[in-house]
$ cat entry.txt   # compact mmCIF, C-alpha atoms and all ligand atoms
# COMPACT_ATOMS: atom_id res chain seq x y z
CA MET A 10 157.90 -25.50 15.16
CA SER A 11 161.47 -24.58 14.31
CA TYR A 12 162.60 -24.14 10.73
CA LEU A 13 166.20 -24.79 11.74
CA ALA A 14 167.51 -28.16 10.63
CA LYS A 15 167.98 -30.65 13.43
CA ASN A 16 171.77 -30.86 13.40
CA TYR A 17 171.86 -29.57 17.00
CA ASN A 18 170.20 -30.90 20.10
CA ARG A 19 169.58 -27.45 21.58
CA LYS A 20 168.75 -26.77 25.20
CA LYS A 21 165.33 -25.17 25.66
CA ILE A 22 166.64 -21.86 26.84
CA SER A 23 167.34 -18.57 25.09
CA PHE A 24 168.98 -15.37 26.15
CA LYS A 25 168.04 -11.76 25.76
CA LYS A 26 171.26 -10.09 26.83
CA GLY A 27 174.64 -10.62 28.40
CA LYS A 28 176.95 -8.63 30.61
CA GLY A 29 180.46 -9.79 31.45
CA ALA A 30 180.29 -13.32 32.83
CA TYR A 31 176.47 -13.33 32.98
CA LEU A 32 173.64 -14.15 30.60
CA TYR A 33 169.97 -13.17 31.09
CA THR A 34 167.14 -15.27 29.68
CA VAL A 35 164.11 -13.84 27.92
CA ASN A 36 162.21 -14.12 31.23
CA GLY A 37 164.96 -12.44 33.21
CA THR A 38 166.73 -15.39 34.87
CA LYS A 39 170.44 -14.75 35.39
CA TYR A 40 173.04 -17.41 34.58
CA LEU A 41 176.76 -17.49 35.22
CA ASP A 42 178.06 -18.24 31.74
CA PHE A 43 181.15 -20.45 31.86
CA VAL A 44 180.70 -21.50 28.25
CA GLN A 45 181.20 -18.04 26.71
CA GLY A 46 180.21 -19.22 23.25
CA ILE A 47 182.77 -22.05 23.60
CA ALA A 48 185.88 -20.04 24.40
CA VAL A 49 184.80 -17.25 22.05
CA ASN A 50 183.73 -14.31 24.23
CA CYS A 51 187.12 -14.00 25.90
CA LEU A 52 186.25 -10.57 27.33
CA GLY A 53 182.76 -11.59 28.42
CA HIS A 54 179.49 -10.30 27.01
CA ALA A 55 178.90 -6.69 25.98
CA ASN A 56 182.44 -5.54 26.68
CA PRO A 57 182.39 -1.70 26.55
CA LYS A 58 185.65 -1.46 24.56
CA LEU A 59 184.39 -3.92 21.95
CA ILE A 60 181.05 -2.12 21.73
CA LYS A 61 182.83 1.17 21.12
CA THR A 62 185.09 -0.41 18.48
CA ILE A 63 182.12 -1.87 16.61
CA GLU A 64 180.17 1.39 16.87
CA ASP A 65 183.05 3.52 15.58
CA GLN A 66 184.10 1.19 12.76
CA SER A 67 180.52 0.43 11.66
CA LYS A 68 180.04 4.11 10.86
CA LYS A 69 183.19 4.19 8.73
CA LEU A 70 183.57 1.00 6.72
CA TRP A 71 182.36 -2.60 7.06
CA HIS A 72 183.64 -4.47 4.10
CA VAL A 73 185.92 -4.05 1.14
CA SER A 74 187.44 -6.71 -1.04
CA ASN A 75 190.85 -8.17 -0.35
CA ALA A 76 191.67 -6.84 -3.81
CA PHE A 77 192.46 -3.61 -1.93
CA GLN A 78 194.72 -2.68 0.98
CA ILE A 79 192.99 -3.05 4.36
CA PRO A 80 194.94 -1.04 6.98
CA GLU A 81 193.01 -2.52 9.95
CA GLY A 82 194.11 -5.99 8.83
CA GLU A 83 197.71 -4.87 8.30
CA LYS A 84 197.67 -3.56 11.85
CA LEU A 85 196.30 -6.75 13.39
CA ALA A 86 198.68 -8.95 11.39
CA LYS A 87 201.61 -6.84 12.58
CA LYS A 88 200.52 -7.19 16.22
CA LEU A 89 200.07 -10.96 15.87
CA CYS A 90 203.53 -11.33 14.32
CA HIS A 91 205.26 -9.07 16.84
CA LYS A 92 203.76 -11.00 19.76
CA THR A 93 204.39 -14.51 18.43
CA PHE A 94 206.61 -16.80 16.35
CA ALA A 95 204.81 -15.75 13.16
CA ASP A 96 206.09 -13.76 10.19
CA TYR A 97 202.89 -13.73 8.12
CA VAL A 98 199.12 -14.02 8.57
CA ILE A 99 196.13 -14.90 6.37
CA PHE A 100 192.71 -13.91 7.71
CA GLN A 101 189.65 -16.16 7.56
CA ASN A 102 186.25 -16.21 9.26
CA SER A 103 186.19 -19.35 11.37
CA GLY A 104 188.28 -22.05 12.99
CA THR A 105 187.65 -24.71 10.41
CA GLU A 106 188.63 -22.35 7.60
CA ALA A 107 191.79 -21.54 9.53
CA THR A 108 192.73 -25.22 9.93
CA GLU A 109 192.02 -25.86 6.26
CA ALA A 110 194.16 -22.88 5.33
CA ALA A 111 196.90 -24.31 7.57
CA ILE A 112 196.76 -27.58 5.63
CA LYS A 113 196.88 -25.66 2.35
CA VAL A 114 199.92 -23.65 3.50
CA ALA A 115 201.76 -26.85 4.49
CA ARG A 116 201.04 -28.63 1.20
CA ARG A 117 201.75 -25.58 -0.90
CA TYR A 118 205.14 -25.13 0.78
CA PHE A 119 206.30 -28.61 -0.23
CA TYR A 120 204.81 -28.13 -3.69
CA SER A 121 206.75 -24.87 -4.05
CA ILE A 122 210.07 -26.55 -3.20
CA GLY A 123 209.47 -29.31 -5.74
CA LYS A 124 208.14 -31.99 -3.37
CA PRO A 125 204.44 -32.18 -4.29
CA ASN A 126 204.17 -35.74 -2.98
CA LYS A 127 204.89 -34.57 0.53
CA ASN A 128 201.23 -33.77 1.20
CA ARG A 129 199.96 -36.06 3.96
CA ILE A 130 198.91 -34.60 7.29
CA LEU A 131 199.34 -36.69 10.43
CA CYS A 132 196.75 -35.97 13.13
CA VAL A 133 195.63 -37.28 16.50
CA LYS A 134 192.82 -39.82 16.27
CA ASN A 135 189.53 -38.29 17.48
CA SER A 136 190.93 -34.79 17.59
CA PHE A 137 188.91 -31.77 16.49
CA HIS A 138 189.84 -29.39 13.71
CA GLY A 139 186.41 -28.22 12.56
CA ARG A 140 183.49 -29.36 10.45
CA THR A 141 184.32 -28.83 6.79
CA ILE A 142 184.86 -31.88 4.62
CA ALA A 143 188.66 -31.91 4.97
CA SER A 144 188.59 -30.98 8.67
CA ILE A 145 186.31 -33.85 9.66
CA PHE A 146 188.59 -36.35 7.95
CA ALA A 147 191.56 -34.69 9.67
CA SER A 148 189.90 -35.50 13.01
CA GLY A 149 189.64 -39.18 12.16
CA SER A 150 186.48 -39.39 14.21
CA LYS A 151 183.89 -41.92 13.13
CA LYS A 152 181.05 -39.90 14.57
CA MET A 153 181.93 -36.73 12.67
CA THR A 154 182.65 -38.38 9.31
CA GLU A 155 179.76 -40.85 9.26
CA GLY A 156 177.68 -40.37 6.12
CA PHE A 157 179.96 -37.73 4.67
CA GLY A 158 182.05 -39.94 2.43
CA PRO A 159 183.86 -40.49 0.21
CA LYS A 160 186.76 -40.28 2.60
CA VAL A 161 189.04 -37.32 1.92
CA PRO A 162 192.51 -38.74 1.29
CA GLY A 163 195.72 -37.30 2.69
CA PHE A 164 195.24 -37.79 6.42
CA ASP A 165 196.90 -40.30 8.75
CA HIS A 166 196.24 -40.76 12.44
CA PHE A 167 197.99 -41.79 15.62
CA LYS A 168 196.61 -42.34 19.09
CA PHE A 169 197.05 -39.53 21.62
CA GLY A 170 200.17 -40.25 23.68
CA ASP A 171 201.23 -43.26 21.57
CA HIS A 172 204.73 -42.18 20.56
CA LYS A 173 205.51 -45.46 18.84
CA SER A 174 202.55 -45.25 16.47
CA LEU A 175 203.30 -41.58 15.85
CA LYS A 176 206.82 -42.40 14.67
CA LYS A 177 205.61 -45.37 12.65
CA LYS A 178 203.01 -43.30 10.80
CA ILE A 179 205.55 -40.76 9.50
CA ASN A 180 206.63 -41.64 5.97
CA LYS A 181 208.26 -39.92 3.03
CA ASN A 182 204.94 -38.35 2.01
CA THR A 183 204.23 -36.77 5.39
CA ALA A 184 204.10 -32.98 5.12
CA ALA A 185 203.03 -32.02 8.62
CA ILE A 186 201.87 -33.14 12.02
CA MET A 187 198.82 -31.25 13.26
CA VAL A 188 197.95 -31.27 16.97
CA GLU A 189 196.05 -29.28 19.54
CA ASN A 190 198.31 -28.49 22.50
CA ILE A 191 195.21 -28.86 24.68
CA MET A 192 192.51 -30.99 23.09
CA GLY A 193 189.31 -29.04 23.65
CA GLU A 194 186.43 -31.07 22.22
CA GLY A 195 188.53 -34.19 22.82
CA GLY A 196 188.24 -33.89 26.60
CA ILE A 197 190.72 -31.19 27.73
CA LYS A 198 193.73 -33.42 27.32
CA VAL A 199 197.04 -31.56 27.52
CA ILE A 200 200.13 -32.56 25.57
CA PRO A 201 202.87 -32.29 28.22
CA ASP A 202 205.61 -29.72 27.55
CA PHE A 203 208.37 -32.31 27.13
CA CYS A 204 206.25 -34.21 24.57
CA LEU A 205 205.66 -31.05 22.58
CA ARG A 206 209.39 -30.35 22.62
CA GLU A 207 210.09 -33.91 21.42
CA LEU A 208 207.45 -33.47 18.73
CA ARG A 209 209.21 -30.34 17.51
CA LYS A 210 212.55 -32.19 17.45
CA LEU A 211 210.96 -35.08 15.56
CA CYS A 212 209.54 -32.69 12.95
CA ASN A 213 212.95 -31.07 12.52
CA LYS A 214 214.65 -34.43 12.16
CA LYS A 215 212.14 -35.67 9.58
CA LYS A 216 211.98 -32.26 7.87
CA ILE A 217 208.24 -31.96 8.28
CA LEU A 218 206.12 -29.09 9.53
CA LEU A 219 204.41 -28.69 12.88
CA ILE A 220 200.88 -27.26 12.85
CA ALA A 221 199.60 -26.24 16.30
CA ASP A 222 195.82 -25.87 16.07
CA SER A 223 195.33 -23.09 18.60
CA VAL A 224 191.72 -22.31 17.72
CA GLN A 225 190.53 -23.18 21.24
CA ASP A 226 193.63 -23.01 23.45
CA GLY A 227 195.04 -19.81 21.92
CA ILE A 228 194.45 -16.09 22.55
CA GLY A 229 195.20 -16.22 26.25
CA ARG A 230 192.95 -19.17 27.08
CA SER A 231 195.86 -21.19 28.53
CA GLY A 232 197.30 -18.28 30.50
CA ASP A 233 199.94 -17.66 27.84
CA PHE A 234 199.01 -15.99 24.58
CA PHE A 235 199.55 -19.38 22.93
CA ALA A 236 199.49 -22.62 24.91
CA PHE A 237 202.63 -23.93 23.16
CA GLU A 238 204.66 -20.97 24.48
CA GLN A 239 204.96 -22.73 27.83
CA SER A 240 207.07 -25.47 26.23
CA LYS A 241 209.16 -22.84 24.45
CA ILE A 242 208.67 -24.42 21.01
CA LYS A 243 207.88 -22.66 17.77
CA PRO A 244 205.40 -24.31 15.41
CA ASP A 245 205.52 -23.56 11.68
CA ILE A 246 201.82 -22.94 11.19
CA VAL A 247 199.13 -21.94 13.70
CA PRO A 248 195.41 -21.66 12.96
CA ILE A 249 193.48 -19.41 15.34
CA ALA A 250 189.83 -18.30 15.66
CA LYS A 251 187.39 -18.41 18.63
CA GLY A 252 188.90 -15.90 21.10
CA ILE A 253 190.49 -13.49 18.64
CA GLY A 254 187.15 -11.95 17.67
CA GLY A 255 185.74 -11.80 21.21
CA GLY A 256 182.39 -12.89 19.71
CA PHE A 257 182.83 -11.56 16.19
CA PRO A 258 183.66 -14.31 13.68
CA ILE A 259 187.37 -14.13 12.85
CA GLY A 260 189.78 -16.86 11.89
CA ALA A 261 193.40 -16.67 10.81
CA VAL A 262 196.39 -18.77 10.01
CA LEU A 263 199.80 -17.65 11.30
CA MET A 264 202.97 -18.93 9.67
CA ASN A 265 206.72 -18.51 9.57
CA LYS A 266 208.62 -17.02 6.65
CA LYS A 267 209.77 -20.38 5.32
CA VAL A 268 206.32 -21.82 4.70
CA ALA A 269 204.79 -18.47 3.68
CA SER A 270 207.01 -18.53 0.59
CA GLY A 271 204.57 -20.94 -1.06
CA MET A 272 201.59 -18.61 -0.75
CA THR A 273 201.92 -16.66 -3.97
CA PRO A 274 199.20 -14.31 -5.35
CA GLY A 275 196.03 -16.22 -6.19
CA SER A 276 196.99 -19.32 -4.16
CA HIS A 277 194.38 -18.67 -1.46
CA GLY A 278 191.68 -16.15 -0.66
CA SER A 279 188.47 -15.31 1.15
CA THR A 280 185.66 -12.88 0.37
CA PHE A 281 184.91 -11.96 3.97
CA GLY A 282 188.23 -12.83 5.60
CA GLY A 283 189.96 -9.81 7.14
CA ASN A 284 187.30 -7.19 6.45
CA PRO A 285 187.62 -3.83 8.23
CA LEU A 286 184.82 -4.45 10.73
CA ALA A 287 186.25 -7.81 11.82
CA MET A 288 189.77 -6.45 11.91
CA ALA A 289 188.81 -3.47 14.05
CA VAL A 290 187.36 -5.85 16.63
CA GLY A 291 190.39 -8.15 16.39
CA ASN A 292 192.73 -5.24 17.06
CA THR A 293 190.88 -4.29 20.24
CA VAL A 294 190.82 -7.90 21.51
CA MET A 295 194.51 -8.26 20.70
CA ASP A 296 195.48 -5.06 22.52
CA ILE A 297 193.75 -6.22 25.69
CA VAL A 298 194.50 -9.95 25.70
CA SER A 299 198.15 -9.84 24.65
CA SER A 300 199.27 -7.63 27.53
CA ARG A 301 201.48 -9.24 30.17
CA LYS A 302 199.28 -7.92 32.94
CA PHE A 303 196.11 -9.40 31.44
CA LEU A 304 197.74 -12.80 30.89
CA ASN A 305 199.20 -12.84 34.41
CA ASN A 306 195.73 -12.25 35.70
CA VAL A 307 194.41 -15.23 33.68
CA LYS A 308 197.12 -17.34 35.33
CA LYS A 309 196.14 -16.04 38.75
CA SER A 310 192.44 -16.83 38.23
CA SER A 311 193.39 -20.24 36.89
CA LYS A 312 195.59 -21.10 39.86
CA TYR A 313 192.85 -20.13 42.29
CA PHE A 314 190.17 -22.08 40.43
CA PHE A 315 192.25 -25.24 39.98
CA LEU A 316 193.32 -25.20 43.63
CA ASN A 317 189.72 -25.04 44.81
CA LEU A 318 188.43 -27.52 42.23
CA ASN A 319 191.01 -30.01 43.45
CA LEU A 320 189.77 -29.50 47.00
CA ILE A 321 186.26 -30.38 45.79
CA LYS A 322 187.69 -33.44 44.03
CA GLN A 323 189.32 -34.57 47.28
CA LYS A 324 185.99 -34.21 49.05
CA TYR A 325 184.09 -36.17 46.39
CA PRO A 326 186.49 -38.82 45.04
CA LYS A 327 183.58 -40.99 43.85
CA ILE A 328 182.20 -38.22 41.68
CA ILE A 329 185.20 -36.45 40.21
CA LYS A 330 187.80 -38.61 38.49
CA ASP A 331 190.15 -35.94 37.21
CA ILE A 332 190.60 -32.19 36.99
CA ARG A 333 192.53 -31.20 33.91
CA GLY A 334 193.44 -28.43 31.54
CA ARG A 335 195.39 -25.23 31.84
CA GLY A 336 194.61 -21.57 32.24
CA LEU A 337 190.87 -21.09 31.90
CA LEU A 338 190.38 -24.14 29.67
CA ILE A 339 189.23 -26.50 32.37
CA GLY A 340 187.86 -30.04 32.37
CA ILE A 341 186.19 -31.98 35.16
CA GLN A 342 186.21 -35.65 34.28
CA LEU A 343 183.41 -37.43 36.08
CA TYR A 344 182.58 -40.91 37.26
CA LYS A 345 178.92 -39.89 37.17
CA ASP A 346 176.85 -39.11 34.09
CA GLN A 347 178.07 -35.98 32.36
CA SER A 348 174.72 -34.76 30.98
CA ASN A 349 173.00 -35.02 34.34
CA PHE A 350 175.85 -33.14 36.01
CA ILE A 351 175.69 -30.35 33.42
CA LYS A 352 171.91 -30.17 33.85
CA LYS A 353 172.24 -29.89 37.63
CA LEU A 354 174.81 -27.12 37.28
CA MET A 355 172.39 -25.37 34.98
CA ASP A 356 169.52 -25.81 37.45
CA ASN A 357 171.80 -23.91 39.83
CA LYS A 358 172.37 -21.20 37.21
CA LEU A 359 175.84 -22.19 36.06
CA LEU A 360 176.34 -22.85 32.34
CA THR A 361 179.02 -25.35 31.27
CA ILE A 362 179.47 -27.59 28.25
CA ARG A 363 180.46 -31.17 27.54
CA ALA A 364 183.67 -32.49 26.04
CA ALA A 365 184.63 -36.07 25.12
CA GLU A 366 185.62 -38.68 27.74
CA ASN A 367 182.80 -37.72 30.14
CA VAL A 368 184.34 -34.31 30.79
CA VAL A 369 182.46 -31.17 31.83
CA ARG A 370 184.20 -28.24 30.16
CA ILE A 371 184.47 -24.93 31.97
CA LEU A 372 185.34 -21.80 30.00
CA PRO A 373 185.01 -18.60 32.02
CA PRO A 374 185.68 -15.28 30.30
CA LEU A 375 189.40 -14.50 30.58
CA ASN A 376 188.63 -11.39 32.65
CA VAL A 377 186.49 -13.37 35.12
CA LYS A 378 186.28 -11.94 38.65
CA LYS A 379 187.16 -13.80 41.84
CA ASN A 380 183.60 -13.64 43.17
CA GLU A 381 182.35 -15.22 39.93
CA LEU A 382 184.84 -18.07 40.30
CA ASP A 383 183.69 -18.47 43.91
CA GLN A 384 180.06 -18.62 42.81
CA ALA A 385 180.87 -21.37 40.28
CA LEU A 386 182.89 -23.35 42.84
CA LYS A 387 180.02 -23.15 45.29
CA ILE A 388 177.58 -24.51 42.69
CA ILE A 389 179.94 -27.31 41.61
CA ASN A 390 180.45 -28.26 45.26
CA LYS A 391 176.69 -28.28 45.85
CA VAL A 392 176.00 -30.52 42.85
CA CYS A 393 178.75 -32.93 43.96
CA ARG A 394 177.22 -33.04 47.46
CA GLU A 395 173.77 -33.78 46.06
CA LEU A 396 175.05 -36.60 43.85
CA ASN A 397 177.27 -38.11 46.55
C1 LIG B 1 186.36 -24.95 17.51
C2 LIG B 1 187.56 -25.52 16.90
C3 LIG B 1 187.75 -25.57 15.51
C4 LIG B 1 186.66 -25.15 14.55
O1 LIG B 1 186.29 -23.83 14.67
P1 LIG B 1 184.92 -23.32 13.99
O2 LIG B 1 184.99 -21.83 14.17
O3 LIG B 1 183.80 -23.97 14.70
O4 LIG B 1 184.96 -23.71 12.57
C5 LIG B 1 188.95 -26.06 15.03
N1 LIG B 1 189.91 -26.48 15.85
C6 LIG B 1 189.78 -26.47 17.20
C7 LIG B 1 190.90 -26.93 18.07
C8 LIG B 1 188.58 -26.00 17.76
O5 LIG B 1 188.43 -26.01 19.09
$ encode --input "entry.txt" --output "structure tokens" --more "lines below"
Ligand SMILES: *Cc1c(COP(=O)(O)O)cnc(C)c1O
Amino acid sequence: MSYLAKNYNRKKISFKKGKGAYLYTVNGTKYLDFVQGIAVNCLGHANPKLIKTIEDQSKKLWHVSNAFQIPEGEKLAKKLCHKTFADYVIFQNSGTEATEAAIKVARRYFYSIGKPNKNRILCVKNSFHGRTIASIFASGSKKMTEGFGPKVPGFDHFKFGDHKSLKKKINKNTAAIMVENIMGEGGIKVIPDFCLRELRKLCNKKKILLIADSVQDGIGRSGDFFAFEQSKIKPDIVPIAKGIGGGFPIGAVLMNKKVASGMTPGSHGSTFGGNPLAMAVGNTVMDIVSSRKFLNNVKKSSKYFFLNLNLIKQKYPKIIKDIRGRGLLIGIQLYKDQSNFIKKLMDNKLLTIRAAENVVRILPPLNVKKNELDQALKIINKVCRELN
């Protein structure tokens, strides 16, 4: 029996080791891993540079309190700010902590300028911002909040793409709008560039903040370092996690100077957040992923994969309804049953994961090779043929 609580419906498979895009089970079967810990292992498994970083840093220093200076964290924060819109960073350990910190930064800013009633956060209905008590109520999803009441106040919701309801829901107490540029758990739905630009304009007009939850679509996943860069907008606050640690738990919230002014000493903190071991890993991931060359290569892989996926869709129009996403955050929306499709891919040694709206989510490592993409395409094509 398992002593783990039953909050997951786990697949009956476990892995002994990984290498790049591949995972090996305890009995030696090799799988092409296009889940990568849900967009976490952006450099694949057992990346030599990350191994060396961990080895070197683990011999020097793992953890010290944030009561002291942490040079590794200073370095990573500087890199994040130089590469992006941000002026300041707070480190956390996970995505949900990062989104909560983002909410705190937004509220604290209005508090600090004498507008404490401007504290409501407007979110997309059935979005995903993590699993802590505030984050689940931010998502507005019935499934995630069921049984976890009382309802956390301070969140309003609008339907994805419903501009009228979005405008109607903004009132004098709205502090911020929080969106994912590409909804990950929500079914790989992309906010179009012009909508994001309009959203930015709307926030400026109403003097409210824009939070771009980039936990899943950030750190090169979209082909740009941040997905919102394509629309040329600048958010005020950006939570990140998943990819930035390459498999080591790191979260962070990035912010501009204006909103950072509210975060005075003692206003927020974390015991583990930003410790030297985590920061050493983050620095190595950042150095690799933020380079132009690396990101161009993500775009190249993406273009190739989307092109060929669309060819499969044309061949099997009764199976595939839609191909969506950007970069290497890819969704195949099906007419057929999602779970069965994922199982069949797995029977053919390709690992993928579900998302809402009957979407199969595909998350290769960002340094995926062409022959690995070809192998996945071949398996997807085969499963479509068998189900046709
Ligand atoms: C995964 C995710 C989170 C939560 O991250 P955790 O590390 O699981 O807490 C928050 N927001 C988005 C957009 C995510 O994809």
$ residues_around --input "entry.txt" --residues "Gly104 (chain A)" --least-positions-apart "2" --cutoff "8 Å" --atoms "only C-alpha atoms" --output "PyMOL selection string"
chain A and resi 102+106-108+138-139+224+248-251+259-261
$ residues_around --input "entry.txt" --residues "Ile191 (chain A)" --least-positions-apart "3" --cutoff "7 Å" --atoms "all atoms listed in the file" --output "list in words"
Ile197, Lys198, Val199, Ile200 and Asp226 of chain A
$ write_last_selection --input "entry.txt" --atoms "C-alpha atoms" --output "mmCIF file, in the coordinates of the input"
data_model
loop_
_atom_site.group_PDB
_atom_site.id
_atom_site.type_symbol
_atom_site.label_atom_id
_atom_site.label_comp_id
_atom_site.auth_asym_id
_atom_site.auth_seq_id
_atom_site.Cartn_x
_atom_site.Cartn_y
_atom_site.Cartn_z
ATOM 1 C CA ILE A 197 190.720 -31.190 27.730
ATOM 2 C CA LYS A 198 193.730 -33.420 27.320
ATOM 3 C CA VAL A 199 197.040 -31.560 27.520
ATOM 4 C CA ILE A 200 200.130 -32.560 25.570
ATOM 5 C CA ASP A 226 193.630 -23.010 23.450
#
$ atom_distance --input "entry.txt" --atom1 "CA of Gly334 (chain A)" --atom2 "CA of Leu32 (chain A)"
24.4 Å
$ residues_around --input "entry.txt" --residues "Pro159 (chain A)" --least-positions-apart "3" --cutoff "10 Å" --atoms "only C-alpha atoms" --output "PyMOL selection string"
chain A and resi 142+146+154-156+162
$ atom_distance --input "entry.txt" --atom1 "CA of Lys378 (chain A)" --atom2 "CA of Phe314 (chain A)"
11.0 Å
$ residues_near_point --input "entry.txt" --point "(196.6, -16.3, 27.2)" --cutoff "10 Å" --atoms "only C-alpha atoms" --output "list in words"
Cys51, Asp226, Gly227, Ile228, Gly229, Arg230, Ser231, Gly232, Asp233, Phe234, Phe235, Ala236, Glu238, Gly252, Val298, Ser299, Ser300, Arg301, Phe303, Leu304, Asn305, Asn306, Val307, Lys308, Gly336, Leu337 and Leu375 of chain A
$ atom_distance --input "entry.txt" --atom1 "atom C4 of ligand LIG 1 (chain B)" --atom2 "CA of Asn50 (chain A)"
14.8 Å
$ closest_residue --input "entry.txt" --among "A:Val73, A:Ala55, A:Leu316, A:Val262" --to "ligand LIG 1 (chain B)" --atoms "only C-alpha atoms and all ligand atoms"
A:Val262
$ closest_residue --input "entry.txt" --among "A:Met264, A:Cys204, A:Ile253, A:Cys90" --to "ligand LIG 1 (chain B)" --atoms "all atoms listed in the file"
A:Ile253
$ decode --input "entry.txt" --residues "region 291-314 of chain A" --atoms "C-alpha atoms" --output "PDB file, in the first residue's frame"
ATOM      1  CA  GLY A 291      18.778  29.636 -11.265  1.00  0.00           C
ATOM      2  CA  ASN A 292      21.832  31.542 -12.475  1.00  0.00           C
ATOM      3  CA  THR A 293      22.934  28.657 -14.688  1.00  0.00           C
ATOM      4  CA  VAL A 294      19.436  28.192 -16.157  1.00  0.00           C
ATOM      5  CA  MET A 295      19.171  31.937 -16.758  1.00  0.00           C
ATOM      6  CA  ASP A 296      22.545  32.141 -18.521  1.00  0.00           C
ATOM      7  CA  ILE A 297      21.548  29.400 -20.948  1.00  0.00           C
ATOM      8  CA  VAL A 298      17.874  30.148 -21.556  1.00  0.00           C
ATOM      9  CA  SER A 299      18.053  33.926 -21.873  1.00  0.00           C
ATOM     10  CA  SER A 300      20.527  33.903 -24.760  1.00  0.00           C
ATOM     11  CA  ARG A 301      19.213  35.039 -28.143  1.00  0.00           C
ATOM     12  CA  LYS A 302      20.646  31.976 -29.822  1.00  0.00           C
ATOM     13  CA  PHE A 303      18.919  29.572 -27.414  1.00  0.00           C
ATOM     14  CA  LEU A 304      15.561  31.332 -27.784  1.00  0.00           C
ATOM     15  CA  ASN A 305      15.851  31.434 -31.581  1.00  0.00           C
ATOM     16  CA  ASN A 306      16.390  27.723 -31.484  1.00  0.00           C
ATOM     17  CA  VAL A 307      13.211  27.254 -29.395  1.00  0.00           C
ATOM     18  CA  LYS A 308      11.351  29.220 -32.073  1.00  0.00           C
ATOM     19  CA  LYS A 309      12.864  27.062 -34.798  1.00  0.00           C
ATOM     20  CA  SER A 310      11.878  23.806 -33.057  1.00  0.00           C
ATOM     21  CA  SER A 311       8.415  25.223 -32.443  1.00  0.00           C
ATOM     22  CA  LYS A 312       7.878  26.215 -36.065  1.00  0.00           C
ATOM     23  CA  TYR A 313       8.913  22.770 -37.259  1.00  0.00           C
ATOM     24  CA  PHE A 314       6.714  20.964 -34.740  1.00  0.00           C
TER      25      PHE A 314
END
